[in-house]
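S.K.: If it helps, the file is called coords_25.pdb and holds PDB, C-alpha atoms:
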```pdb
MODEL        1
ATOM      1  CA  MET A1321      24.101  -4.684 -18.999  1.00  0.00           C
ATOM      2  CA  LEU A1322      21.402  -2.173 -18.133  1.00  0.00           C
ATOM      3  CA  ARG A1323      19.162  -0.271 -20.548  1.00  0.00           C
ATOM      4  CA  LYS A1324      16.588   2.287 -19.447  1.00  0.00           C
ATOM      5  CA  LEU A1325      13.296   2.629 -21.303  1.00  0.00           C
ATOM      6  CA  ASP A1326      11.561   5.968 -20.823  1.00  0.00           C
ATOM      7  CA  SER A1327       7.783   5.665 -20.649  1.00  0.00           C
ATOM      8  CA  THR A1328       7.381   8.793 -22.816  1.00  0.00           C
ATOM      9  CA  ASN A1329       8.985   6.903 -25.720  1.00  0.00           C
ATOM     10  CA  MET A1330       6.840   3.774 -25.435  1.00  0.00           C
ATOM     11  CA  GLY A1331       3.891   2.903 -27.644  1.00  0.00           C
ATOM     12  CA  ARG A1332       0.585   4.510 -26.679  1.00  0.00           C
ATOM     13  CA  SER A1333      -3.093   4.164 -27.455  1.00  0.00           C
ATOM     14  CA  ASP A1334      -6.150   6.190 -26.401  1.00  0.00           C
ATOM     15  CA  LEU A1335      -9.546   4.686 -27.187  1.00  0.00           C
ATOM     16  CA  GLY A1336     -11.425   6.914 -24.767  1.00  0.00           C
ATOM     17  CA  TRP A1337     -12.518   4.147 -22.410  1.00  0.00           C
ATOM     18  CA  LEU A1338      -9.014   2.629 -22.545  1.00  0.00           C
ATOM     19  CA  GLN A1339      -5.625   4.328 -22.354  1.00  0.00           C
ATOM     20  CA  SER A1340      -2.589   2.086 -22.782  1.00  0.00           C
ATOM     21  CA  ILE A1341       1.190   2.206 -22.675  1.00  0.00           C
ATOM     22  CA  PHE A1342       2.779  -0.623 -24.686  1.00  0.00           C
ATOM     23  CA  HIS A1343       6.247  -1.746 -23.559  1.00  0.00           C
ATOM     24  CA  PHE A1344       6.500  -3.958 -26.667  1.00  0.00           C
ATOM     25  CA  SER A1345       4.877  -4.009 -30.096  1.00  0.00           C
ATOM     26  CA  PHE A1346       1.143  -4.444 -29.688  1.00  0.00           C
ATOM     27  CA  SER A1347      -2.018  -3.461 -31.550  1.00  0.00           C
ATOM     28  CA  SER A1348      -1.457  -0.149 -33.386  1.00  0.00           C
ATOM     29  CA  TYR A1349       2.121   0.146 -32.072  1.00  0.00           C
ATOM     30  CA  TYR A1350       4.582  -1.832 -34.172  1.00  0.00           C
ATOM     31  CA  ASN A1351       8.357  -1.659 -33.872  1.00  0.00           C
ATOM     32  CA  VAL A1352      10.321  -4.511 -35.445  1.00  0.00           C
ATOM     33  CA  ASP A1353      13.178  -3.793 -33.016  1.00  0.00           C
ATOM     34  CA  ASN A1354      10.895  -3.996 -29.966  1.00  0.00           C
ATOM     35  CA  MET A1355       8.907  -7.215 -30.223  1.00  0.00           C
ATOM     36  CA  ASN A1356       9.871  -8.888 -26.939  1.00  0.00           C
ATOM     37  CA  PHE A1357      12.503  -9.275 -24.234  1.00  0.00           C
ATOM     38  CA  GLY A1358      13.404 -12.943 -24.119  1.00  0.00           C
ATOM     39  CA  VAL A1359      10.229 -14.942 -23.439  1.00  0.00           C
ATOM     40  CA  LEU A1360       8.470 -11.775 -22.271  1.00  0.00           C
ATOM     41  CA  ARG A1361       6.170 -10.775 -25.138  1.00  0.00           C
ATOM     42  CA  VAL A1362       3.783  -8.136 -23.721  1.00  0.00           C
ATOM     43  CA  ILE A1363       3.534  -5.625 -20.909  1.00  0.00           C
ATOM     44  CA  ASN A1364       0.577  -3.299 -21.366  1.00  0.00           C
ATOM     45  CA  ASP A1365      -0.032  -0.645 -18.716  1.00  0.00           C
ATOM     46  CA  ASP A1366      -3.803  -0.158 -19.050  1.00  0.00           C
ATOM     47  CA  LEU A1367      -6.177   2.457 -17.643  1.00  0.00           C
ATOM     48  CA  VAL A1368      -9.778   1.256 -17.974  1.00  0.00           C
ATOM     49  CA  LYS A1369     -12.649   3.611 -17.211  1.00  0.00           C
ATOM     50  CA  ALA A1370     -15.470   2.563 -14.890  1.00  0.00           C
ATOM     51  CA  ASN A1371     -18.167   0.288 -16.357  1.00  0.00           C
ATOM     52  CA  THR A1372     -16.119  -0.520 -19.470  1.00  0.00           C
ATOM     53  CA  GLY A1373     -13.711  -3.268 -20.439  1.00  0.00           C
ATOM     54  CA  PHE A1374     -12.575  -5.918 -22.876  1.00  0.00           C
ATOM     55  CA  GLU A1375     -15.377  -8.098 -24.230  1.00  0.00           C
ATOM     56  CA  MET A1376     -14.896 -11.831 -24.853  1.00  0.00           C
ATOM     57  CA  HIS A1377     -11.869 -12.446 -27.082  1.00  0.00           C
ATOM     58  CA  PRO A1378      -9.601 -15.432 -27.782  1.00  0.00           C
ATOM     59  CA  HIS A1379      -6.077 -16.318 -26.666  1.00  0.00           C
ATOM     60  CA  LYS A1380      -3.887 -19.299 -27.493  1.00  0.00           C
ATOM     61  CA  ASP A1381      -0.479 -20.612 -26.390  1.00  0.00           C
ATOM     62  CA  MET A1382       0.370 -17.790 -23.999  1.00  0.00           C
ATOM     63  CA  GLU A1383       0.847 -17.396 -20.233  1.00  0.00           C
ATOM     64  CA  ILE A1384      -1.107 -14.262 -19.214  1.00  0.00           C
ATOM     65  CA  ILE A1385      -0.786 -12.472 -15.876  1.00  0.00           C
ATOM     66  CA  SER A1386      -2.864  -9.432 -14.883  1.00  0.00           C
ATOM     67  CA  TYR A1387      -1.565  -7.386 -11.927  1.00  0.00           C
ATOM     68  CA  VAL A1388      -3.962  -4.768 -10.554  1.00  0.00           C
ATOM     69  CA  VAL A1389      -2.433  -1.439  -9.535  1.00  0.00           C
ATOM     70  CA  ASP A1390      -5.607   0.524  -8.772  1.00  0.00           C
ATOM     71  CA  GLY A1391      -9.346  -0.091  -8.818  1.00  0.00           C
ATOM     72  CA  GLU A1392     -10.794  -3.471  -9.667  1.00  0.00           C
ATOM     73  CA  LEU A1393     -10.764  -6.009 -12.497  1.00  0.00           C
ATOM     74  CA  THR A1394     -13.402  -8.666 -13.199  1.00  0.00           C
ATOM     75  CA  HIS A1395     -12.440 -11.712 -15.260  1.00  0.00           C
ATOM     76  CA  GLY A1396     -14.832 -14.050 -17.074  1.00  0.00           C
ATOM     77  CA  ASP A1397     -13.971 -16.896 -19.430  1.00  0.00           C
ATOM     78  CA  SER A1398     -15.270 -19.728 -21.591  1.00  0.00           C
ATOM     79  CA  MET A1399     -14.493 -22.264 -18.844  1.00  0.00           C
ATOM     80  CA  GLY A1400     -17.081 -20.642 -16.573  1.00  0.00           C
ATOM     81  CA  ASN A1401     -14.681 -18.789 -14.270  1.00  0.00           C
ATOM     82  CA  LYS A1402     -15.590 -15.340 -12.956  1.00  0.00           C
ATOM     83  CA  ASN A1403     -13.937 -13.318 -10.226  1.00  0.00           C
ATOM     84  CA  THR A1404     -13.016  -9.744  -9.246  1.00  0.00           C
ATOM     85  CA  ILE A1405      -9.629  -8.657  -7.905  1.00  0.00           C
ATOM     86  CA  THR A1406      -8.306  -5.330  -6.592  1.00  0.00           C
ATOM     87  CA  ARG A1407      -4.993  -3.567  -5.840  1.00  0.00           C
ATOM     88  CA  GLY A1408      -2.045  -5.929  -5.542  1.00  0.00           C
ATOM     89  CA  HIS A1409      -4.020  -9.021  -6.570  1.00  0.00           C
ATOM     90  CA  VAL A1410      -3.338 -11.205  -9.600  1.00  0.00           C
ATOM     91  CA  GLN A1411      -5.272 -13.129 -12.235  1.00  0.00           C
ATOM     92  CA  TYR A1412      -3.411 -15.647 -14.387  1.00  0.00           C
ATOM     93  CA  MET A1413      -4.307 -17.801 -17.340  1.00  0.00           C
ATOM     94  CA  SER A1414      -2.601 -20.483 -19.388  1.00  0.00           C
ATOM     95  CA  ALA A1415      -4.327 -20.017 -22.729  1.00  0.00           C
ATOM     96  CA  GLY A1416      -2.981 -23.301 -24.097  1.00  0.00           C
ATOM     97  CA  THR A1417      -5.056 -24.834 -26.879  1.00  0.00           C
ATOM     98  CA  GLY A1418      -7.434 -21.867 -26.748  1.00  0.00           C
ATOM     99  CA  ILE A1419      -9.676 -19.918 -24.413  1.00  0.00           C
ATOM    100  CA  TYR A1420     -12.026 -16.936 -24.588  1.00  0.00           C
ATOM    101  CA  HIS A1421     -12.055 -14.401 -21.780  1.00  0.00           C
ATOM    102  CA  SER A1422     -13.246 -10.919 -20.857  1.00  0.00           C
ATOM    103  CA  GLU A1423     -11.883  -8.278 -18.494  1.00  0.00           C
ATOM    104  CA  HIS A1424     -14.114  -5.498 -17.169  1.00  0.00           C
ATOM    105  CA  ASN A1425     -13.884  -2.669 -14.687  1.00  0.00           C
ATOM    106  CA  LEU A1426     -17.253  -2.843 -12.933  1.00  0.00           C
ATOM    107  CA  GLY A1427     -16.150  -0.436 -10.223  1.00  0.00           C
ATOM    108  CA  LYS A1428     -16.813   3.279  -9.780  1.00  0.00           C
ATOM    109  CA  THR A1429     -13.292   4.547 -10.490  1.00  0.00           C
ATOM    110  CA  THR A1430     -10.711   4.062 -13.241  1.00  0.00           C
ATOM    111  CA  SER A1431      -8.822   0.784 -12.984  1.00  0.00           C
ATOM    112  CA  ARG A1432      -5.121   0.427 -13.738  1.00  0.00           C
ATOM    113  CA  PHE A1433      -3.521  -2.939 -14.331  1.00  0.00           C
ATOM    114  CA  LEU A1434      -0.472  -4.456 -15.985  1.00  0.00           C
ATOM    115  CA  GLN A1435      -1.222  -7.129 -18.561  1.00  0.00           C
ATOM    116  CA  ILE A1436       1.818  -9.420 -18.927  1.00  0.00           C
ATOM    117  CA  TRP A1437       2.202 -12.088 -21.607  1.00  0.00           C
ATOM    118  CA  ILE A1438       4.941 -14.734 -21.478  1.00  0.00           C
ATOM    119  CA  HIS A1439       5.577 -17.377 -24.120  1.00  0.00           C
ATOM    120  CA  PRO A1440       5.045 -20.884 -22.655  1.00  0.00           C
ATOM    121  CA  ASP A1441       7.750 -23.530 -22.850  1.00  0.00           C
ATOM    122  CA  LYS A1442       5.473 -25.714 -24.976  1.00  0.00           C
ATOM    123  CA  LYS A1443       2.363 -25.350 -27.097  1.00  0.00           C
ATOM    124  CA  GLY A1444      -0.938 -27.174 -26.918  1.00  0.00           C
ATOM    125  CA  LEU A1445      -1.305 -27.148 -23.126  1.00  0.00           C
ATOM    126  CA  GLU A1446      -4.667 -27.563 -21.428  1.00  0.00           C
ATOM    127  CA  PRO A1447      -6.177 -24.126 -20.665  1.00  0.00           C
ATOM    128  CA  ASN A1448      -6.156 -23.077 -17.025  1.00  0.00           C
ATOM    129  CA  TYR A1449      -7.250 -20.060 -14.935  1.00  0.00           C
ATOM    130  CA  GLY A1450      -6.634 -18.905 -11.398  1.00  0.00           C
ATOM    131  CA  ASP A1451      -6.360 -15.822  -9.209  1.00  0.00           C
ATOM    132  CA  TYR A1452      -4.525 -14.976  -6.034  1.00  0.00           C
ATOM    133  CA  LYS A1453      -5.161 -12.228  -3.492  1.00  0.00           C
ATOM    134  CA  PHE A1454      -1.717 -11.435  -2.091  1.00  0.00           C
ATOM    135  CA  GLN A1455      -1.571  -9.483   1.167  1.00  0.00           C
ATOM    136  CA  TRP A1456      -0.143  -6.024   0.532  1.00  0.00           C
ATOM    137  CA  GLU A1457       2.114  -6.019   3.587  1.00  0.00           C
ATOM    138  CA  ASN A1458       4.018  -9.035   2.219  1.00  0.00           C
ATOM    139  CA  ARG A1459       5.701  -6.749  -0.358  1.00  0.00           C
ATOM    140  CA  LYS A1460       6.515  -3.874   2.049  1.00  0.00           C
ATOM    141  CA  ASN A1461      10.275  -3.254   1.835  1.00  0.00           C
ATOM    142  CA  LYS A1462      10.881  -6.835   0.683  1.00  0.00           C
ATOM    143  CA  TRP A1463      10.461  -8.870  -2.473  1.00  0.00           C
ATOM    144  CA  LEU A1464       7.271 -10.878  -2.813  1.00  0.00           C
ATOM    145  CA  GLN A1465       7.448 -13.652  -5.394  1.00  0.00           C
ATOM    146  CA  ILE A1466       4.075 -13.989  -7.081  1.00  0.00           C
ATOM    147  CA  VAL A1467       4.937 -16.191 -10.090  1.00  0.00           C
ATOM    148  CA  SER A1468       7.383 -19.005 -10.788  1.00  0.00           C
ATOM    149  CA  SER A1469       7.840 -21.959 -13.107  1.00  0.00           C
ATOM    150  CA  THR A1470       5.871 -25.101 -12.295  1.00  0.00           C
ATOM    151  CA  ASP A1471       8.730 -26.402 -10.136  1.00  0.00           C
ATOM    152  CA  GLY A1472       9.418 -23.053  -8.418  1.00  0.00           C
ATOM    153  CA  ASP A1473       8.310 -21.374  -5.187  1.00  0.00           C
ATOM    154  CA  GLY A1474       5.749 -18.891  -6.493  1.00  0.00           C
ATOM    155  CA  SER A1475       2.107 -19.139  -5.462  1.00  0.00           C
ATOM    156  CA  ILE A1476       1.251 -18.890  -9.166  1.00  0.00           C
ATOM    157  CA  LYS A1477       2.863 -21.469 -11.465  1.00  0.00           C
ATOM    158  CA  ILE A1478       3.362 -20.887 -15.193  1.00  0.00           C
ATOM    159  CA  TYR A1479       4.762 -23.038 -17.978  1.00  0.00           C
ATOM    160  CA  GLN A1480       8.032 -21.160 -18.431  1.00  0.00           C
ATOM    161  CA  ASP A1481      11.359 -20.665 -16.674  1.00  0.00           C
ATOM    162  CA  ALA A1482      10.378 -17.227 -15.412  1.00  0.00           C
ATOM    163  CA  ASN A1483       9.746 -15.562 -12.053  1.00  0.00           C
ATOM    164  CA  ILE A1484       7.837 -12.417 -11.126  1.00  0.00           C
ATOM    165  CA  TYR A1485       8.476 -10.378  -7.978  1.00  0.00           C
ATOM    166  CA  VAL A1486       6.787  -7.240  -6.625  1.00  0.00           C
ATOM    167  CA  LEU A1487       7.887  -4.694  -4.063  1.00  0.00           C
ATOM    168  CA  GLU A1488       6.758  -1.511  -2.313  1.00  0.00           C
ATOM    169  CA  LEU A1489       9.850   0.311  -1.060  1.00  0.00           C
ATOM    170  CA  ASP A1490       9.487   3.210   1.376  1.00  0.00           C
ATOM    171  CA  GLU A1491      11.170   6.534   0.648  1.00  0.00           C
ATOM    172  CA  ASN A1492      14.978   6.496   1.102  1.00  0.00           C
ATOM    173  CA  LYS A1493      15.013   2.712   1.564  1.00  0.00           C
ATOM    174  CA  GLU A1494      17.406   0.414  -0.315  1.00  0.00           C
ATOM    175  CA  ILE A1495      17.176  -3.177  -1.562  1.00  0.00           C
ATOM    176  CA  ASP A1496      19.148  -5.355  -3.965  1.00  0.00           C
ATOM    177  CA  PHE A1497      18.184  -7.888  -6.638  1.00  0.00           C
ATOM    178  CA  LYS A1498      20.528 -10.424  -8.223  1.00  0.00           C
ATOM    179  CA  VAL A1499      20.393 -11.332 -11.915  1.00  0.00           C
ATOM    180  CA  ASN A1500      22.734 -14.287 -12.326  1.00  0.00           C
ATOM    181  CA  GLU A1501      24.750 -15.478 -15.321  1.00  0.00           C
ATOM    182  CA  GLU A1502      22.567 -16.674 -18.204  1.00  0.00           C
ATOM    183  CA  ARG A1503      19.616 -14.753 -16.707  1.00  0.00           C
ATOM    184  CA  GLN A1504      17.920 -11.471 -17.524  1.00  0.00           C
ATOM    185  CA  ALA A1505      15.146  -9.355 -16.024  1.00  0.00           C
ATOM    186  CA  TYR A1506      12.712  -6.620 -16.959  1.00  0.00           C
ATOM    187  CA  LEU A1507      11.844  -4.089 -14.264  1.00  0.00           C
ATOM    188  CA  VAL A1508       8.882  -1.687 -14.300  1.00  0.00           C
ATOM    189  CA  GLN A1509       8.692   1.328 -11.991  1.00  0.00           C
ATOM    190  CA  ILE A1510       4.932   1.059 -11.480  1.00  0.00           C
ATOM    191  CA  GLU A1511       4.638   3.997  -9.077  1.00  0.00           C
ATOM    192  CA  GLY A1512       7.070   6.497  -7.589  1.00  0.00           C
ATOM    193  CA  SER A1513      10.717   6.978  -8.507  1.00  0.00           C
ATOM    194  CA  ALA A1514      13.969   5.212  -7.687  1.00  0.00           C
ATOM    195  CA  GLU A1515      17.649   5.186  -8.544  1.00  0.00           C
ATOM    196  CA  ILE A1516      18.883   1.812  -9.790  1.00  0.00           C
ATOM    197  CA  ASN A1517      22.660   1.474 -10.158  1.00  0.00           C
ATOM    198  CA  ASN A1518      22.734   5.271 -10.580  1.00  0.00           C
ATOM    199  CA  ILE A1519      19.993   5.212 -13.257  1.00  0.00           C
ATOM    200  CA  LEU A1520      16.915   7.270 -12.341  1.00  0.00           C
ATOM    201  CA  LEU A1521      13.541   5.663 -13.077  1.00  0.00           C
ATOM    202  CA  ASN A1522      10.344   7.653 -12.785  1.00  0.00           C
ATOM    203  CA  ASN A1523       6.724   6.527 -12.767  1.00  0.00           C
ATOM    204  CA  ARG A1524       6.077   3.958 -15.568  1.00  0.00           C
ATOM    205  CA  ASP A1525       9.697   3.792 -16.780  1.00  0.00           C
ATOM    206  CA  ALA A1526      11.370   0.405 -17.269  1.00  0.00           C
ATOM    207  CA  LEU A1527      14.818  -1.175 -17.152  1.00  0.00           C
ATOM    208  CA  GLU A1528      16.300  -4.124 -19.039  1.00  0.00           C
ATOM    209  CA  ILE A1529      18.819  -6.026 -16.909  1.00  0.00           C
ATOM    210  CA  VAL A1530      21.145  -8.713 -18.309  1.00  0.00           C
ATOM    211  CA  GLU A1531      23.502 -10.654 -16.034  1.00  0.00           C
ATOM    212  CA  GLU A1532      23.937  -7.775 -13.600  1.00  0.00           C
ATOM    213  CA  ASP A1533      23.019  -7.332  -9.938  1.00  0.00           C
ATOM    214  CA  ILE A1534      21.179  -4.133  -9.068  1.00  0.00           C
ATOM    215  CA  VAL A1535      20.666  -1.945  -6.011  1.00  0.00           C
ATOM    216  CA  ILE A1536      17.406   0.012  -5.815  1.00  0.00           C
ATOM    217  CA  LYS A1537      17.360   3.250  -3.806  1.00  0.00           C
ATOM    218  CA  SER A1538      13.901   4.787  -3.544  1.00  0.00           C
ATOM    219  CA  LYS A1539      13.617   8.541  -4.120  1.00  0.00           C
ATOM    220  CA  GLU A1540      10.002   8.373  -2.965  1.00  0.00           C
ATOM    221  CA  LYS A1541       7.733   5.484  -2.098  1.00  0.00           C
ATOM    222  CA  SER A1542       8.216   3.050  -4.984  1.00  0.00           C
ATOM    223  CA  HIS A1543       6.062   0.240  -6.359  1.00  0.00           C
ATOM    224  CA  ILE A1544       8.105  -2.082  -8.588  1.00  0.00           C
ATOM    225  CA  ILE A1545       7.659  -5.334 -10.510  1.00  0.00           C
ATOM    226  CA  ILE A1546      10.448  -7.523 -11.932  1.00  0.00           C
ATOM    227  CA  ILE A1547      10.052 -10.323 -14.476  1.00  0.00           C
ATOM    228  CA  GLU A1548      13.183 -12.514 -14.255  1.00  0.00           C
ATOM    229  CA  MET A1549      13.883 -15.219 -16.852  1.00  0.00           C
ATOM    230  CA  LYS A1550      16.484 -17.219 -18.726  1.00  0.00           C
ATOM    231  CA  LYS A1551      18.723 -15.181 -20.989  1.00  0.00           C
ATOM    232  CA  SER A1552      17.686 -15.102 -24.636  1.00  0.00           C
ATOM    233  CA  ASN A1553      20.154 -16.222 -27.298  1.00  0.00           C
TER
ENDMDL
END
```
Mind turning this structure into structure tokens?
M.R.:
Amino acid sequence: MLRKLDSTNMGRSDLGWLQSIFHFSFSSYYNVDNMNFGVLRVINDDLVKANTGFEMHPHKDMEIISYVVDGELTHGDSMGNKNTITRGHVQYMSAGTGIYHSEHNLGKTTSRFLQIWIHPDKKGLEPNYGDYKFQWENRKNKWLQIVSSTDGDGSIKIYQDANIYVLELDENKEIDFKVNEERQAYLVQIEGSAEINNILLNNRDALEIVEEDIVIKSKEKSHIIIIEMKKSN
């Protein structure tokens, strides 16, 4: 089963310093029929103006991954961590029993990043933070796994049976992705456009995939992320 989600129909917010597209219900956007996709609770596509950002705020019992598309993102938290990442790099946090953190764009240009929240497989975990600076060429015309469960192969480990892969596919290139029985995946066309099993996705569109293998054919250079997970009941 495949279902396309057009970015023009997603939730939106414009606070001046922050412009957001909400893939699922979040903040001022509420849709009882669009709360999550399996254990995937949030994907926010955020544009943050230079020298602005999110001040310290709390999180609890959530696995949070921030994937930078453009510009830079500086994280700070109540455990004393602070670091800045740029395009293609990742910050991740197990909020567990509770943590405060901030995210700022201290650069000179607008920053774009995807904020991804995944429900953990258990509550009350010890909070944890990390970041990883993946080499861009490792996703050129091939899948780069950036996240896995604690017993998986991803450089970043989270407390859930979920995997995240990224890809930059050159124009007119083709690649497949398998979504096995009892599995599902959520794909975001971060940049560019591509045809996926004869469904056209443009910049910022998304695709729900349930127990179906896909073939991606790039119409132009395409930057894609897939969150693959167990199938929801």
S.K.: Return as CSV the residues of segment 1359-1419 of chain A lying at most 12 Å from segment 1462-1470 of chain A, together with the closest atom-to-atom pair for each and the distance in Å to one decimal, counting all atoms listed in the file, with rows in chain order and ascending residue number.
M.R.:
```
residue,atom,partner,partner_atom,distance
A:Glu1383,CA,A:Ser1469,CA,11.0
A:Ile1384,CA,A:Val1467,CA,11.1
A:Ile1385,CA,A:Val1467,CA,8.9
A:Ser1386,CA,A:Val1467,CA,11.4
A:Tyr1387,CA,A:Ile1466,CA,9.9
A:Gly1408,CA,A:Ile1466,CA,10.2
A:His1409,CA,A:Ile1466,CA,9.5
A:Val1410,CA,A:Ile1466,CA,8.3
A:Gln1411,CA,A:Ile1466,CA,10.7
A:Tyr1412,CA,A:Val1467,CA,9.4
A:Met1413,CA,A:Val1467,CA,11.9
A:Ser1414,CA,A:Thr1470,CA,12.0
```
S.K.: Extract, using only C-alpha atoms, all DNA, RNA and protein residues at most 12 Å from Phe1374 of chain A, discarding same-chain residues fewer than 6 positions from it, and format them as a tab-separated table (two decimals) with C-alpha atoms, keeping the file's coordinate frame.
M.R.:
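Saved to out09.tsv:
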```tsv
chain	number	residue	atom	x	y	z
A	1335	LEU	CA	-9.55	4.69	-27.19
A	1337	TRP	CA	-12.52	4.15	-22.41
A	1338	LEU	CA	-9.01	2.63	-22.54
A	1366	ASP	CA	-3.80	-0.16	-19.05
A	1367	LEU	CA	-6.18	2.46	-17.64
A	1368	VAL	CA	-9.78	1.26	-17.97
A	1393	LEU	CA	-10.76	-6.01	-12.50
A	1394	THR	CA	-13.40	-8.67	-13.20
A	1395	HIS	CA	-12.44	-11.71	-15.26
A	1396	GLY	CA	-14.83	-14.05	-17.07
A	1397	ASP	CA	-13.97	-16.90	-19.43
A	1420	TYR	CA	-12.03	-16.94	-24.59
A	1421	HIS	CA	-12.06	-14.40	-21.78
A	1422	SER	CA	-13.25	-10.92	-20.86
A	1423	GLU	CA	-11.88	-8.28	-18.49
A	1424	HIS	CA	-14.11	-5.50	-17.17
A	1425	ASN	CA	-13.88	-2.67	-14.69
A	1426	LEU	CA	-17.25	-2.84	-12.93
```
S.K.: So what do you get for atom CA of Ile1341 of chain A versus atom CA of Asn1329 of chain A, distance-wise?
M.R.: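 Distance between the two atoms: 9.6 Å.
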S.K.: With distances taken over all atoms listed in the file, which residue among A:Ser1340, A:Asn1522, A:Asn1448, A:Asn1483 lies nearest Leu1434 of chain A?
M.R.: A:Ser1340
S.K.: If you measure from atom CA of Ile1438 of chain A to atom CA of Gln1480 of chain A, what distance in Å do you get, rounded to one decimal?
M.R.: 7.8 Å
S.K.: For His1377 of chain A, which residue out of A:Phe1344, A:Ser1431, A:Ile1419, A:Gly1336 is the nearest one, using only C-alpha atoms?
M.R.: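 With only C-alpha atoms as the atom set, the closest residue is A:Ile1419.
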S.K.: Return the single residue from A:Ile1519, A:Asp1525, A:Val1352, A:Glu1540 that is closest to Met1330 of chain A, with distances computed using only C-alpha atoms.
M.R.: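 The shortest atom-to-atom distance to Met1330 of chain A comes from A:Asp1525.
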S.K.: Near segment 1495-1510 of chain A, counting all atoms listed in the file, which residues have an atom at most 9 Å away, once you skip same-chain residues fewer than 3 positions from it, shown as a ChimeraX atom specification?
M.R.: /A:1357-1358,1360,1365,1389,1434,1461-1463,1489,1513-1514,1521-1538,1542-1552
S.K.: Write out as lines of an AutoDock Vina configuration file an axis-aligned box for segment 1540-1547 of chain A: all of its atoms listed in the file, 6 Å added on each side, centre and edge lengths in Å with one decimal.
M.R.:
```
center_x = 8.3
center_y = -1.0
center_z = -8.3
size_x = 16.4
size_y = 30.7
size_z = 24.4
```
S.K.: Find, counting all atoms listed in the file, the residue in A:Arg1432, A:Arg1407, A:Lys1477, A:His1439 that gets nearest to His1379 of chain A.
M.R.: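 Closest candidate: A:His1439.
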S.K.: Closest to Thr1429 of chain A among A:Asp1441, A:Asp1390, A:Glu1457, A:Glu1488, using all atoms listed in the file?
M.R.: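 Answer, going by the shortest atom-to-atom distance: A:Asp1390.
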S.K.: Between A:Thr1372, A:Met1321, A:Gly1450, A:Lys1539, which is the closest to Gly1400 of chain A once you count only C-alpha atoms?
M.R.: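 Among A:Thr1372, A:Met1321, A:Gly1450, A:Lys1539, it is A:Gly1450 that comes nearest to Gly1400 of chain A.
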S.K.: Atom CA of Asp1490 of chain A and atom CA of Thr1406 of chain A, how far apart in Å?
M.R.: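 Taking atom CA of Thr1406 of chain A as the start and atom CA of Asp1490 of chain A as the end point, the length is 21.3 Å.
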